[in-house]
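Student: This is query32.txt, which holds compact mmCIF, N, CA and C atoms:
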# COMPACT_ATOMS: atom_id res chain seq x y z
N MET A 1465 0.83 -1.20 0.00
CA MET A 1465 0.00 0.00 0.00
C MET A 1465 0.87 1.25 0.00
N ASP A 1466 1.96 1.23 0.76
CA ASP A 1466 2.86 2.37 0.74
C ASP A 1466 3.44 2.60 -0.65
N ALA A 1467 3.75 1.51 -1.35
CA ALA A 1467 4.31 1.64 -2.70
C ALA A 1467 3.30 2.29 -3.63
N ASN A 1468 2.03 1.92 -3.48
CA ASN A 1468 1.01 2.52 -4.34
C ASN A 1468 0.83 4.00 -4.04
N SER A 1469 0.83 4.34 -2.76
CA SER A 1469 0.67 5.76 -2.44
C SER A 1469 1.89 6.54 -2.87
N GLY A 1470 3.08 5.92 -2.82
CA GLY A 1470 4.29 6.58 -3.30
C GLY A 1470 4.23 6.80 -4.80
N ASN A 1471 3.71 5.83 -5.54
CA ASN A 1471 3.60 5.96 -6.99
C ASN A 1471 2.59 7.02 -7.39
N SER A 1472 1.49 7.09 -6.66
CA SER A 1472 0.47 8.07 -7.03
C SER A 1472 0.83 9.48 -6.53
N GLN A 1473 1.70 9.56 -5.55
CA GLN A 1473 2.07 10.86 -4.99
C GLN A 1473 2.82 11.73 -5.99
N ALA A 1474 3.78 11.16 -6.71
CA ALA A 1474 4.59 11.94 -7.64
C ALA A 1474 3.75 12.58 -8.74
N PRO A 1475 2.87 11.84 -9.44
CA PRO A 1475 2.05 12.48 -10.45
C PRO A 1475 1.13 13.54 -9.87
N GLN A 1476 0.60 13.28 -8.68
CA GLN A 1476 -0.29 14.26 -8.05
C GLN A 1476 0.47 15.55 -7.76
N GLN A 1477 1.70 15.44 -7.28
CA GLN A 1477 2.51 16.61 -6.98
C GLN A 1477 2.73 17.43 -8.24
N ALA A 1478 3.07 16.77 -9.35
CA ALA A 1478 3.30 17.47 -10.61
C ALA A 1478 2.03 18.19 -11.06
N THR A 1479 0.88 17.54 -10.88
CA THR A 1479 -0.38 18.15 -11.28
C THR A 1479 -0.65 19.41 -10.47
N GLU A 1480 -0.37 19.36 -9.18
CA GLU A 1480 -0.57 20.54 -8.33
C GLU A 1480 0.35 21.67 -8.77
N ASP A 1481 1.61 21.36 -9.09
CA ASP A 1481 2.55 22.39 -9.53
C ASP A 1481 2.09 23.02 -10.84
N GLU A 1482 1.56 22.18 -11.75
CA GLU A 1482 1.10 22.70 -13.03
C GLU A 1482 -0.08 23.63 -12.86
N ARG A 1483 -0.91 23.39 -11.86
CA ARG A 1483 -2.09 24.21 -11.65
C ARG A 1483 -1.81 25.48 -10.87
N SER A 1484 -0.72 25.53 -10.16
CA SER A 1484 -0.45 26.73 -9.37
C SER A 1484 -0.11 27.89 -10.30
N PRO A 1485 -0.54 29.08 -9.93
CA PRO A 1485 -0.28 30.23 -10.81
C PRO A 1485 1.22 30.48 -10.97
N ARG A 1486 1.61 30.82 -12.17
CA ARG A 1486 3.00 31.15 -12.42
C ARG A 1486 3.33 32.47 -11.73
N ARG A 1487 4.50 32.50 -11.10
CA ARG A 1487 4.93 33.68 -10.35
C ARG A 1487 5.72 34.60 -11.26
N VAL A 1488 5.23 35.83 -11.40
CA VAL A 1488 5.83 36.79 -12.33
C VAL A 1488 6.35 37.99 -11.54
N LEU A 1489 7.61 38.31 -11.74
CA LEU A 1489 8.22 39.48 -11.13
C LEU A 1489 8.07 40.66 -12.09
N VAL A 1490 7.65 41.79 -11.56
CA VAL A 1490 7.51 43.02 -12.35
C VAL A 1490 8.69 43.93 -12.01
N VAL A 1491 9.44 44.31 -13.03
CA VAL A 1491 10.58 45.22 -12.85
C VAL A 1491 10.23 46.49 -13.61
N GLU A 1492 9.75 47.49 -12.87
CA GLU A 1492 9.22 48.72 -13.46
C GLU A 1492 9.40 49.86 -12.47
N ASP A 1493 9.93 50.99 -12.94
CA ASP A 1493 10.20 52.11 -12.04
C ASP A 1493 9.05 53.12 -11.95
N GLU A 1494 8.07 53.03 -12.82
CA GLU A 1494 6.94 53.96 -12.77
C GLU A 1494 5.76 53.27 -12.08
N ALA A 1495 5.34 53.82 -10.96
CA ALA A 1495 4.33 53.19 -10.11
C ALA A 1495 3.02 52.90 -10.84
N ILE A 1496 2.54 53.84 -11.63
CA ILE A 1496 1.26 53.64 -12.31
C ILE A 1496 1.36 52.50 -13.32
N ILE A 1497 2.47 52.44 -14.03
CA ILE A 1497 2.65 51.35 -15.00
C ILE A 1497 2.80 50.02 -14.27
N ALA A 1498 3.53 50.02 -13.16
CA ALA A 1498 3.69 48.79 -12.38
C ALA A 1498 2.33 48.28 -11.90
N MET A 1499 1.47 49.19 -11.44
CA MET A 1499 0.13 48.77 -10.99
C MET A 1499 -0.68 48.20 -12.15
N TYR A 1500 -0.57 48.83 -13.30
CA TYR A 1500 -1.27 48.33 -14.50
C TYR A 1500 -0.80 46.91 -14.85
N VAL A 1501 0.52 46.72 -14.86
CA VAL A 1501 1.08 45.40 -15.18
C VAL A 1501 0.62 44.37 -14.14
N GLU A 1502 0.63 44.75 -12.87
CA GLU A 1502 0.14 43.84 -11.82
C GLU A 1502 -1.30 43.42 -12.08
N ASP A 1503 -2.15 44.40 -12.42
CA ASP A 1503 -3.56 44.11 -12.69
C ASP A 1503 -3.71 43.15 -13.86
N VAL A 1504 -2.95 43.39 -14.93
CA VAL A 1504 -3.03 42.53 -16.11
C VAL A 1504 -2.59 41.11 -15.76
N ILE A 1505 -1.47 41.02 -15.05
CA ILE A 1505 -0.95 39.70 -14.67
C ILE A 1505 -1.99 38.94 -13.85
N SER A 1506 -2.57 39.60 -12.88
CA SER A 1506 -3.57 38.95 -12.02
C SER A 1506 -4.83 38.58 -12.78
N THR A 1507 -5.26 39.45 -13.68
CA THR A 1507 -6.46 39.21 -14.46
C THR A 1507 -6.37 37.92 -15.26
N PHE A 1508 -5.18 37.61 -15.75
CA PHE A 1508 -5.00 36.42 -16.58
C PHE A 1508 -4.53 35.20 -15.80
N GLY A 1509 -4.67 35.25 -14.47
CA GLY A 1509 -4.44 34.07 -13.66
C GLY A 1509 -3.01 33.82 -13.22
N TYR A 1510 -2.15 34.79 -13.41
CA TYR A 1510 -0.78 34.67 -12.92
C TYR A 1510 -0.71 35.26 -11.53
N SER A 1511 0.35 34.93 -10.82
CA SER A 1511 0.58 35.46 -9.49
C SER A 1511 1.71 36.50 -9.57
N VAL A 1512 1.49 37.66 -8.99
CA VAL A 1512 2.54 38.68 -8.96
C VAL A 1512 3.49 38.31 -7.83
N ALA A 1513 4.70 37.91 -8.20
CA ALA A 1513 5.69 37.51 -7.20
C ALA A 1513 6.20 38.72 -6.43
N GLY A 1514 6.27 39.85 -7.11
CA GLY A 1514 6.75 41.07 -6.48
C GLY A 1514 6.92 42.15 -7.52
N VAL A 1515 7.15 43.36 -7.03
CA VAL A 1515 7.41 44.51 -7.90
C VAL A 1515 8.67 45.17 -7.38
N VAL A 1516 9.64 45.37 -8.26
CA VAL A 1516 10.88 46.05 -7.90
C VAL A 1516 11.12 47.18 -8.90
N THR A 1517 11.91 48.16 -8.47
CA THR A 1517 12.07 49.35 -9.30
C THR A 1517 13.47 49.55 -9.87
N ASN A 1518 14.41 48.66 -9.51
CA ASN A 1518 15.76 48.81 -10.06
C ASN A 1518 16.46 47.45 -10.12
N VAL A 1519 17.61 47.44 -10.77
CA VAL A 1519 18.34 46.19 -11.00
C VAL A 1519 18.80 45.56 -9.69
N ALA A 1520 19.31 46.37 -8.77
CA ALA A 1520 19.80 45.82 -7.50
C ALA A 1520 18.68 45.12 -6.74
N GLU A 1521 17.49 45.74 -6.68
CA GLU A 1521 16.35 45.11 -6.02
C GLU A 1521 15.94 43.82 -6.73
N ALA A 1522 15.98 43.84 -8.06
CA ALA A 1522 15.60 42.66 -8.83
C ALA A 1522 16.56 41.50 -8.57
N LEU A 1523 17.85 41.80 -8.57
CA LEU A 1523 18.85 40.75 -8.30
C LEU A 1523 18.68 40.18 -6.89
N ALA A 1524 18.46 41.05 -5.93
CA ALA A 1524 18.25 40.60 -4.55
C ALA A 1524 16.97 39.77 -4.44
N PHE A 1525 15.94 40.16 -5.17
CA PHE A 1525 14.66 39.45 -5.11
C PHE A 1525 14.81 38.01 -5.55
N ILE A 1526 15.50 37.78 -6.67
CA ILE A 1526 15.59 36.40 -7.18
C ILE A 1526 16.56 35.54 -6.36
N GLU A 1527 17.33 36.17 -5.50
CA GLU A 1527 18.17 35.38 -4.58
C GLU A 1527 17.32 34.77 -3.46
N LYS A 1528 16.22 35.44 -3.12
CA LYS A 1528 15.39 35.01 -2.00
C LYS A 1528 14.06 34.38 -2.40
N HIS A 1529 13.62 34.62 -3.63
CA HIS A 1529 12.28 34.18 -4.06
C HIS A 1529 12.36 33.47 -5.41
N ALA A 1530 11.56 32.43 -5.56
CA ALA A 1530 11.46 31.74 -6.84
C ALA A 1530 10.47 32.48 -7.73
N ILE A 1531 10.84 32.63 -9.00
CA ILE A 1531 9.92 33.21 -9.98
C ILE A 1531 9.91 32.32 -11.21
N ASP A 1532 8.85 32.44 -11.98
CA ASP A 1532 8.71 31.66 -13.21
C ASP A 1532 8.92 32.50 -14.46
N ALA A 1533 8.75 33.81 -14.33
CA ALA A 1533 8.91 34.73 -15.46
C ALA A 1533 9.04 36.14 -14.89
N ALA A 1534 9.40 37.07 -15.77
CA ALA A 1534 9.51 38.47 -15.36
C ALA A 1534 9.05 39.36 -16.50
N VAL A 1535 8.53 40.52 -16.12
CA VAL A 1535 8.19 41.57 -17.07
C VAL A 1535 9.15 42.71 -16.77
N LEU A 1536 9.96 43.09 -17.77
CA LEU A 1536 11.04 44.04 -17.56
C LEU A 1536 10.86 45.32 -18.36
N ASP A 1537 10.93 46.45 -17.68
CA ASP A 1537 11.10 47.73 -18.36
C ASP A 1537 12.59 47.84 -18.66
N ILE A 1538 12.96 48.43 -19.77
CA ILE A 1538 14.37 48.51 -20.13
C ILE A 1538 15.10 49.61 -19.37
N ASN A 1539 14.49 50.79 -19.32
CA ASN A 1539 15.14 51.93 -18.69
C ASN A 1539 14.53 52.18 -17.32
N LEU A 1540 15.32 51.95 -16.29
CA LEU A 1540 14.87 52.13 -14.91
C LEU A 1540 15.57 53.35 -14.32
N LYS A 1541 14.91 54.48 -14.44
CA LYS A 1541 15.47 55.75 -13.95
C LYS A 1541 16.90 55.97 -14.45
N GLY A 1542 17.10 55.73 -15.74
CA GLY A 1542 18.40 55.97 -16.35
C GLY A 1542 19.34 54.78 -16.37
N SER A 1543 19.03 53.72 -15.66
CA SER A 1543 19.85 52.51 -15.67
C SER A 1543 19.17 51.45 -16.52
N LEU A 1544 19.96 50.73 -17.27
CA LEU A 1544 19.40 49.69 -18.13
C LEU A 1544 19.24 48.38 -17.36
N VAL A 1545 18.21 47.64 -17.69
CA VAL A 1545 17.84 46.41 -16.99
C VAL A 1545 18.66 45.20 -17.44
N PHE A 1546 19.53 45.36 -18.41
CA PHE A 1546 20.22 44.21 -19.01
C PHE A 1546 21.04 43.37 -18.05
N PRO A 1547 21.68 43.92 -17.01
CA PRO A 1547 22.36 43.03 -16.06
C PRO A 1547 21.40 42.04 -15.38
N PHE A 1548 20.18 42.47 -15.14
CA PHE A 1548 19.19 41.57 -14.56
C PHE A 1548 18.73 40.55 -15.60
N ALA A 1549 18.57 40.99 -16.85
CA ALA A 1549 18.22 40.05 -17.92
C ALA A 1549 19.29 38.97 -18.04
N ASP A 1550 20.56 39.35 -17.88
CA ASP A 1550 21.65 38.35 -17.90
C ASP A 1550 21.46 37.31 -16.80
N ALA A 1551 21.10 37.77 -15.60
CA ALA A 1551 20.89 36.86 -14.47
C ALA A 1551 19.73 35.91 -14.77
N LEU A 1552 18.68 36.42 -15.38
CA LEU A 1552 17.54 35.56 -15.74
C LEU A 1552 17.95 34.53 -16.80
N LEU A 1553 18.72 34.97 -17.77
CA LEU A 1553 19.18 34.04 -18.82
C LEU A 1553 20.01 32.91 -18.21
N ARG A 1554 20.89 33.25 -17.29
CA ARG A 1554 21.72 32.23 -16.64
C ARG A 1554 20.87 31.22 -15.88
N ARG A 1555 19.77 31.67 -15.32
CA ARG A 1555 18.89 30.79 -14.53
C ARG A 1555 17.83 30.10 -15.38
N GLY A 1556 17.75 30.45 -16.65
CA GLY A 1556 16.74 29.85 -17.51
C GLY A 1556 15.34 30.36 -17.24
N ILE A 1557 15.24 31.58 -16.74
CA ILE A 1557 13.93 32.18 -16.44
C ILE A 1557 13.55 33.10 -17.60
N PRO A 1558 12.43 32.82 -18.26
CA PRO A 1558 12.03 33.66 -19.39
C PRO A 1558 11.50 35.01 -18.94
N PHE A 1559 11.57 35.97 -19.85
CA PHE A 1559 11.10 37.32 -19.52
C PHE A 1559 10.50 37.98 -20.74
N VAL A 1560 9.70 39.01 -20.44
CA VAL A 1560 9.07 39.86 -21.45
C VAL A 1560 9.64 41.26 -21.25
N PHE A 1561 10.06 41.89 -22.32
CA PHE A 1561 10.39 43.31 -22.24
C PHE A 1561 9.12 44.09 -22.50
N ALA A 1562 8.80 45.02 -21.60
CA ALA A 1562 7.67 45.92 -21.78
C ALA A 1562 8.25 47.33 -21.76
N SER A 1563 8.40 47.91 -22.93
CA SER A 1563 9.13 49.16 -23.01
C SER A 1563 8.68 50.01 -24.17
N SER A 1564 8.88 51.29 -24.05
CA SER A 1564 8.56 52.20 -25.15
C SER A 1564 9.62 52.12 -26.25
N TYR A 1565 10.75 51.47 -25.97
CA TYR A 1565 11.79 51.31 -26.99
C TYR A 1565 11.35 50.39 -28.11
N GLY A 1566 10.52 49.43 -27.80
CA GLY A 1566 10.15 48.44 -28.79
C GLY A 1566 11.32 47.50 -29.05
N GLU A 1567 11.14 46.59 -29.98
CA GLU A 1567 12.15 45.57 -30.24
C GLU A 1567 13.46 46.18 -30.75
N GLY A 1568 13.38 47.28 -31.47
CA GLY A 1568 14.57 47.93 -32.02
C GLY A 1568 15.52 48.45 -30.97
N GLY A 1569 15.03 48.71 -29.77
CA GLY A 1569 15.86 49.24 -28.69
C GLY A 1569 16.51 48.16 -27.84
N ILE A 1570 16.38 46.90 -28.27
CA ILE A 1570 16.90 45.79 -27.49
C ILE A 1570 18.08 45.17 -28.24
N PRO A 1571 19.24 45.10 -27.60
CA PRO A 1571 20.37 44.45 -28.26
C PRO A 1571 20.03 43.01 -28.64
N ALA A 1572 20.59 42.55 -29.75
CA ALA A 1572 20.27 41.24 -30.31
C ALA A 1572 20.42 40.12 -29.27
N ARG A 1573 21.40 40.23 -28.41
CA ARG A 1573 21.66 39.21 -27.40
C ARG A 1573 20.44 38.93 -26.51
N TYR A 1574 19.61 39.96 -26.31
CA TYR A 1574 18.47 39.83 -25.40
C TYR A 1574 17.15 39.58 -26.12
N ARG A 1575 17.19 39.44 -27.42
CA ARG A 1575 15.95 39.21 -28.18
C ARG A 1575 15.59 37.73 -28.19
N VAL A 1576 15.50 37.17 -27.02
CA VAL A 1576 15.21 35.75 -26.88
C VAL A 1576 13.76 35.49 -26.49
N GLY A 1577 13.05 36.53 -26.17
CA GLY A 1577 11.67 36.38 -25.73
C GLY A 1577 10.80 37.49 -26.28
N PRO A 1578 9.57 37.51 -25.85
CA PRO A 1578 8.62 38.49 -26.38
C PRO A 1578 8.90 39.91 -25.92
N VAL A 1579 8.42 40.84 -26.74
CA VAL A 1579 8.52 42.27 -26.44
C VAL A 1579 7.14 42.87 -26.64
N VAL A 1580 6.69 43.65 -25.66
CA VAL A 1580 5.46 44.43 -25.85
C VAL A 1580 5.86 45.91 -25.75
N GLN A 1581 5.35 46.67 -26.68
CA GLN A 1581 5.69 48.09 -26.72
C GLN A 1581 4.65 48.90 -25.98
N LYS A 1582 5.13 49.76 -25.07
CA LYS A 1582 4.22 50.64 -24.32
C LYS A 1582 3.72 51.71 -25.27
N PRO A 1583 2.48 52.11 -25.14
CA PRO A 1583 1.44 51.49 -24.30
C PRO A 1583 0.96 50.19 -24.96
N PHE A 1584 0.64 49.20 -24.13
CA PHE A 1584 0.19 47.92 -24.65
C PHE A 1584 -1.15 47.56 -24.05
N ALA A 1585 -1.90 46.77 -24.81
CA ALA A 1585 -3.20 46.29 -24.36
C ALA A 1585 -2.98 45.07 -23.46
N PRO A 1586 -3.89 44.82 -22.53
CA PRO A 1586 -3.77 43.63 -21.68
C PRO A 1586 -3.56 42.35 -22.48
N SER A 1587 -4.27 42.22 -23.61
CA SER A 1587 -4.16 41.00 -24.41
C SER A 1587 -2.74 40.82 -24.96
N GLU A 1588 -2.04 41.91 -25.25
CA GLU A 1588 -0.66 41.80 -25.75
C GLU A 1588 0.27 41.23 -24.68
N LEU A 1589 0.12 41.71 -23.45
CA LEU A 1589 0.95 41.19 -22.36
C LEU A 1589 0.58 39.73 -22.07
N HIS A 1590 -0.70 39.42 -22.14
CA HIS A 1590 -1.13 38.04 -21.92
C HIS A 1590 -0.49 37.11 -22.95
N ARG A 1591 -0.51 37.49 -24.22
CA ARG A 1591 0.12 36.68 -25.27
C ARG A 1591 1.62 36.52 -25.01
N ALA A 1592 2.25 37.60 -24.58
CA ALA A 1592 3.69 37.56 -24.31
C ALA A 1592 4.00 36.63 -23.15
N LEU A 1593 3.20 36.68 -22.10
CA LEU A 1593 3.42 35.79 -20.95
C LEU A 1593 3.17 34.33 -21.35
N ALA A 1594 2.17 34.10 -22.18
CA ALA A 1594 1.91 32.75 -22.67
C ALA A 1594 3.11 32.25 -23.47
N ALA A 1595 3.73 33.13 -24.23
CA ALA A 1595 4.92 32.75 -25.01
C ALA A 1595 6.07 32.38 -24.07
N THR A 1596 6.18 33.04 -22.91
CA THR A 1596 7.25 32.68 -21.97
C THR A 1596 7.02 31.28 -21.41
N GLU A 1597 5.76 30.88 -21.28
CA GLU A 1597 5.47 29.52 -20.81
C GLU A 1597 6.02 28.51 -21.81
N GLN A 1598 5.83 28.78 -23.09
CA GLN A 1598 6.34 27.87 -24.13
C GLN A 1598 7.87 27.86 -24.12
N LEU A 1599 8.49 29.03 -23.95
CA LEU A 1599 9.95 29.10 -23.87
C LEU A 1599 10.47 28.29 -22.69
N ARG A 1600 9.81 28.41 -21.56
CA ARG A 1600 10.24 27.69 -20.36
C ARG A 1600 10.10 26.19 -20.56
N GLN A 1601 9.02 25.74 -21.19
CA GLN A 1601 8.82 24.32 -21.43
C GLN A 1601 9.91 23.78 -22.35
N LYS A 1602 10.28 24.55 -23.38
CA LYS A 1602 11.35 24.12 -24.29
C LYS A 1602 12.67 24.03 -23.56
N THR A 1603 12.96 25.00 -22.68
CA THR A 1603 14.20 25.02 -21.91
C THR A 1603 14.27 23.83 -20.98
N GLN A 1604 13.15 23.50 -20.32
CA GLN A 1604 13.13 22.38 -19.39
C GLN A 1604 13.23 21.04 -20.12
N ALA A 1605 12.76 20.98 -21.35
CA ALA A 1605 12.79 19.73 -22.11
C ALA A 1605 14.21 19.40 -22.58
N VAL A 1606 15.05 20.41 -22.67
CA VAL A 1606 16.42 20.20 -23.18
C VAL A 1606 17.33 19.63 -22.14
Is it possible to express this structure as structure tokens?

Tutor:
Amino acid sequence: MDANSGNSQAPQQATEDERSPRRVLVVEDEAIIAMYVEDVISTFGYSVAGVVTNVAEALAFIEKHAIDAAVLDINLKGSLVFPFADALLRRGIPFVFASSYGEGGIPARYRVGPVVQKPFAPSELHRALAATEQLRQKTQAV
């Protein structure tokens, strides 16, 4: 009986993990935009892991908290978010750039995931987050 419960426990655990909301970190220095992004993330069934306003806070956050994806503004009060994007790439955590720069303002090295250009509709961010799920699945399969 213990063997049967052990066998059924592993699939059940995976099912619970699959159903839990994906944790998304918001890296945005403008409060109103951060609130908008939080609302969009929550509306589409994701969990807001946290909101940070600069690279140092973002790096510290991922040292203490697990996240599944991130939404990144490129310019954070004059500092570029790319050092944090590097940390996410090393960890295999997908991200979305949400910026007024658009795709043209992103160095080729970081064009590995979706980009939404501000201002963006909720559906655009939803599609981008869904794309990060596919990227993460591909990364985990490798």

Student: Which value, in Å to one decimal, gives the distance between atom N of A:Phe1559 and atom N of A:Asn1518?

Tutor: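 Computed distance, atom N of A:Phe1559 to atom N of A:Asn1518, equals 16.6 Å.
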
Student: Report the closest atom pair, with its distance in Å rounded to one decimal, for each residue of stretch 1530-1574 of chain A that has an atom no farther than 6 Å from stretch 1582-1595 of chain A; count all atoms listed in the file, sort by chain and then rising residue number, and write it as a Markdown table.

Tutor:
| residue | atom | partner | partner_atom | distance |
| --- | --- | --- | --- | --- |
| A:Ala1562 | C | A:Lys1582 | N | 5.2 |
| A:Ser1563 | C | A:Lys1582 | N | 3.7 |
| A:Ser1564 | N | A:Lys1582 | N | 4.2 |
| A:Tyr1565 | N | A:Lys1582 | N | 5.9 |

Student: Using all atoms listed in the file, determine which residues lie at most 7 Å from A:Leu1540, disregarding the query and same-chain residues fewer than 2 positions distant; provide the list as JSON, numbers by chain.

Tutor: {"A": [1492, 1493, 1517, 1518, 1519, 1537, 1538, 1542, 1543, 1544, 1545]}

Student: So, with all atoms listed in the file as the atoms that count, which of A:Val1488, A:Ile1496, A:Leu1599, A:Ala1549 lies closest to A:Ala1513?

Tutor: A:Val1488

Student: Which distance in Å separates atom CA of A:Ile1557 and atom CA of A:Pro1578, to one decimal?

Tutor: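 Interatomic distance, atom CA of A:Ile1557 to atom CA of A:Pro1578: 12.9 Å.
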
Student: Measuring between all atoms listed in the file, which one of A:Val1491, A:Glu1527, A:Pro1558, A:Phe1546 shows the shortest distance to A:Gly1514?

Tutor: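 Counting all atoms listed in the file, the residue closest to A:Gly1514 is A:Val1491.
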
Student: Between A:Val1490, A:Ala1533, A:Glu1502, A:Val1512, which one has atoms that come closest to A:Leu1552, using only C-alpha atoms?

Tutor: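 When distances to A:Leu1552 are compared using only C-alpha atoms, the smallest one comes from A:Ala1533.
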
Student: Any idea what the distance is between atom N of A:Gly1556 and atom N of A:Phe1525?

Tutor: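 One can read the atom N of A:Gly1556 to atom N of A:Phe1525 distance as 15.1 Å.
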
Student: Run DSSP on the backbone and give me the residues of chain A it puts in alpha helix (DSSP H), as JSON, numbers by chain.

Tutor: {"A": [1466, 1467, 1468, 1469, 1470, 1471, 1472, 1473, 1474, 1475, 1476, 1477, 1478, 1479, 1480, 1481, 1482, 1483, 1495, 1496, 1497, 1498, 1499, 1500, 1501, 1502, 1503, 1504, 1505, 1506, 1507, 1519, 1520, 1521, 1522, 1523, 1524, 1525, 1526, 1527, 1528, 1546, 1547, 1548, 1549, 1550, 1551, 1552, 1553, 1554, 1555, 1586, 1587, 1588, 1589, 1590, 1591, 1592, 1593, 1594, 1595, 1596, 1597, 1598, 1599, 1600, 1601, 1602, 1603, 1604, 1605]}

Student: With a distance cut-off of 8 Å and all atoms listed in the file, select the neighbouring residues of A:Gly1566, excluding the residue or stretch itself and same-chain residues fewer than 6 positions from it, and output the selection as a PyMOL selection string.

Tutor: chain A and resi 1579-1582

Student: Which residues come within 8 Å of A:Glu1494, counting all atoms listed in the file, excluding same-chain residues fewer than 3 positions away, as a PyMOL selection string?

Tutor: chain A and resi 1491+1497-1500+1516-1517+1539-1541

Student: Name the closest residue to A:Val1515 among the candidates A:Ala1495, A:Leu1489, A:Arg1575, A:Ala1534; distances are taken between atoms, counting only N, CA and C atoms.

Tutor: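 Result for the nearest residue to A:Val1515: A:Leu1489.
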
Student: Could you tell me which of A:Leu1523, A:Gly1509, A:Pro1485, A:Ile1531 comes closest to A:Phe1548 if we count all atoms listed in the file?

Tutor: A:Leu1523

Student: For stretch 1481-1519 of chain A of the structure just presented, write C-alpha atoms to a file, as a compact mmCIF listing (two decimals), in the first residue's frame.

Tutor:
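Writing the result to part39.txt gives the following:
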# COMPACT_ATOMS: atom_id res chain seq x y z
CA ASP A 1481 2.55 22.39 -9.53
CA GLU A 1482 1.10 22.70 -13.03
CA ARG A 1483 -2.09 24.21 -11.65
CA SER A 1484 -0.45 26.73 -9.37
CA PRO A 1485 -0.28 30.23 -10.81
CA ARG A 1486 3.00 31.15 -12.42
CA ARG A 1487 4.93 33.68 -10.35
CA VAL A 1488 5.83 36.79 -12.33
CA LEU A 1489 8.22 39.48 -11.13
CA VAL A 1490 7.51 43.02 -12.35
CA VAL A 1491 10.58 45.22 -12.85
CA GLU A 1492 9.22 48.72 -13.46
CA ASP A 1493 10.20 52.11 -12.04
CA GLU A 1494 6.94 53.96 -12.77
CA ALA A 1495 4.33 53.19 -10.11
CA ILE A 1496 1.26 53.64 -12.31
CA ILE A 1497 2.65 51.35 -15.00
CA ALA A 1498 3.69 48.79 -12.38
CA MET A 1499 0.13 48.77 -10.99
CA TYR A 1500 -1.27 48.33 -14.50
CA VAL A 1501 1.08 45.40 -15.18
CA GLU A 1502 0.14 43.84 -11.82
CA ASP A 1503 -3.56 44.11 -12.69
CA VAL A 1504 -3.03 42.53 -16.11
CA ILE A 1505 -0.95 39.70 -14.67
CA SER A 1506 -3.57 38.95 -12.02
CA THR A 1507 -6.46 39.21 -14.46
CA PHE A 1508 -5.00 36.42 -16.58
CA GLY A 1509 -4.44 34.07 -13.66
CA TYR A 1510 -0.78 34.67 -12.92
CA SER A 1511 0.58 35.46 -9.49
CA VAL A 1512 2.54 38.68 -8.96
CA ALA A 1513 5.69 37.51 -7.20
CA GLY A 1514 6.75 41.07 -6.48
CA VAL A 1515 7.41 44.51 -7.90
CA VAL A 1516 10.88 46.05 -7.90
CA THR A 1517 12.07 49.35 -9.30
CA ASN A 1518 15.76 48.81 -10.06
CA VAL A 1519 18.34 46.19 -11.00
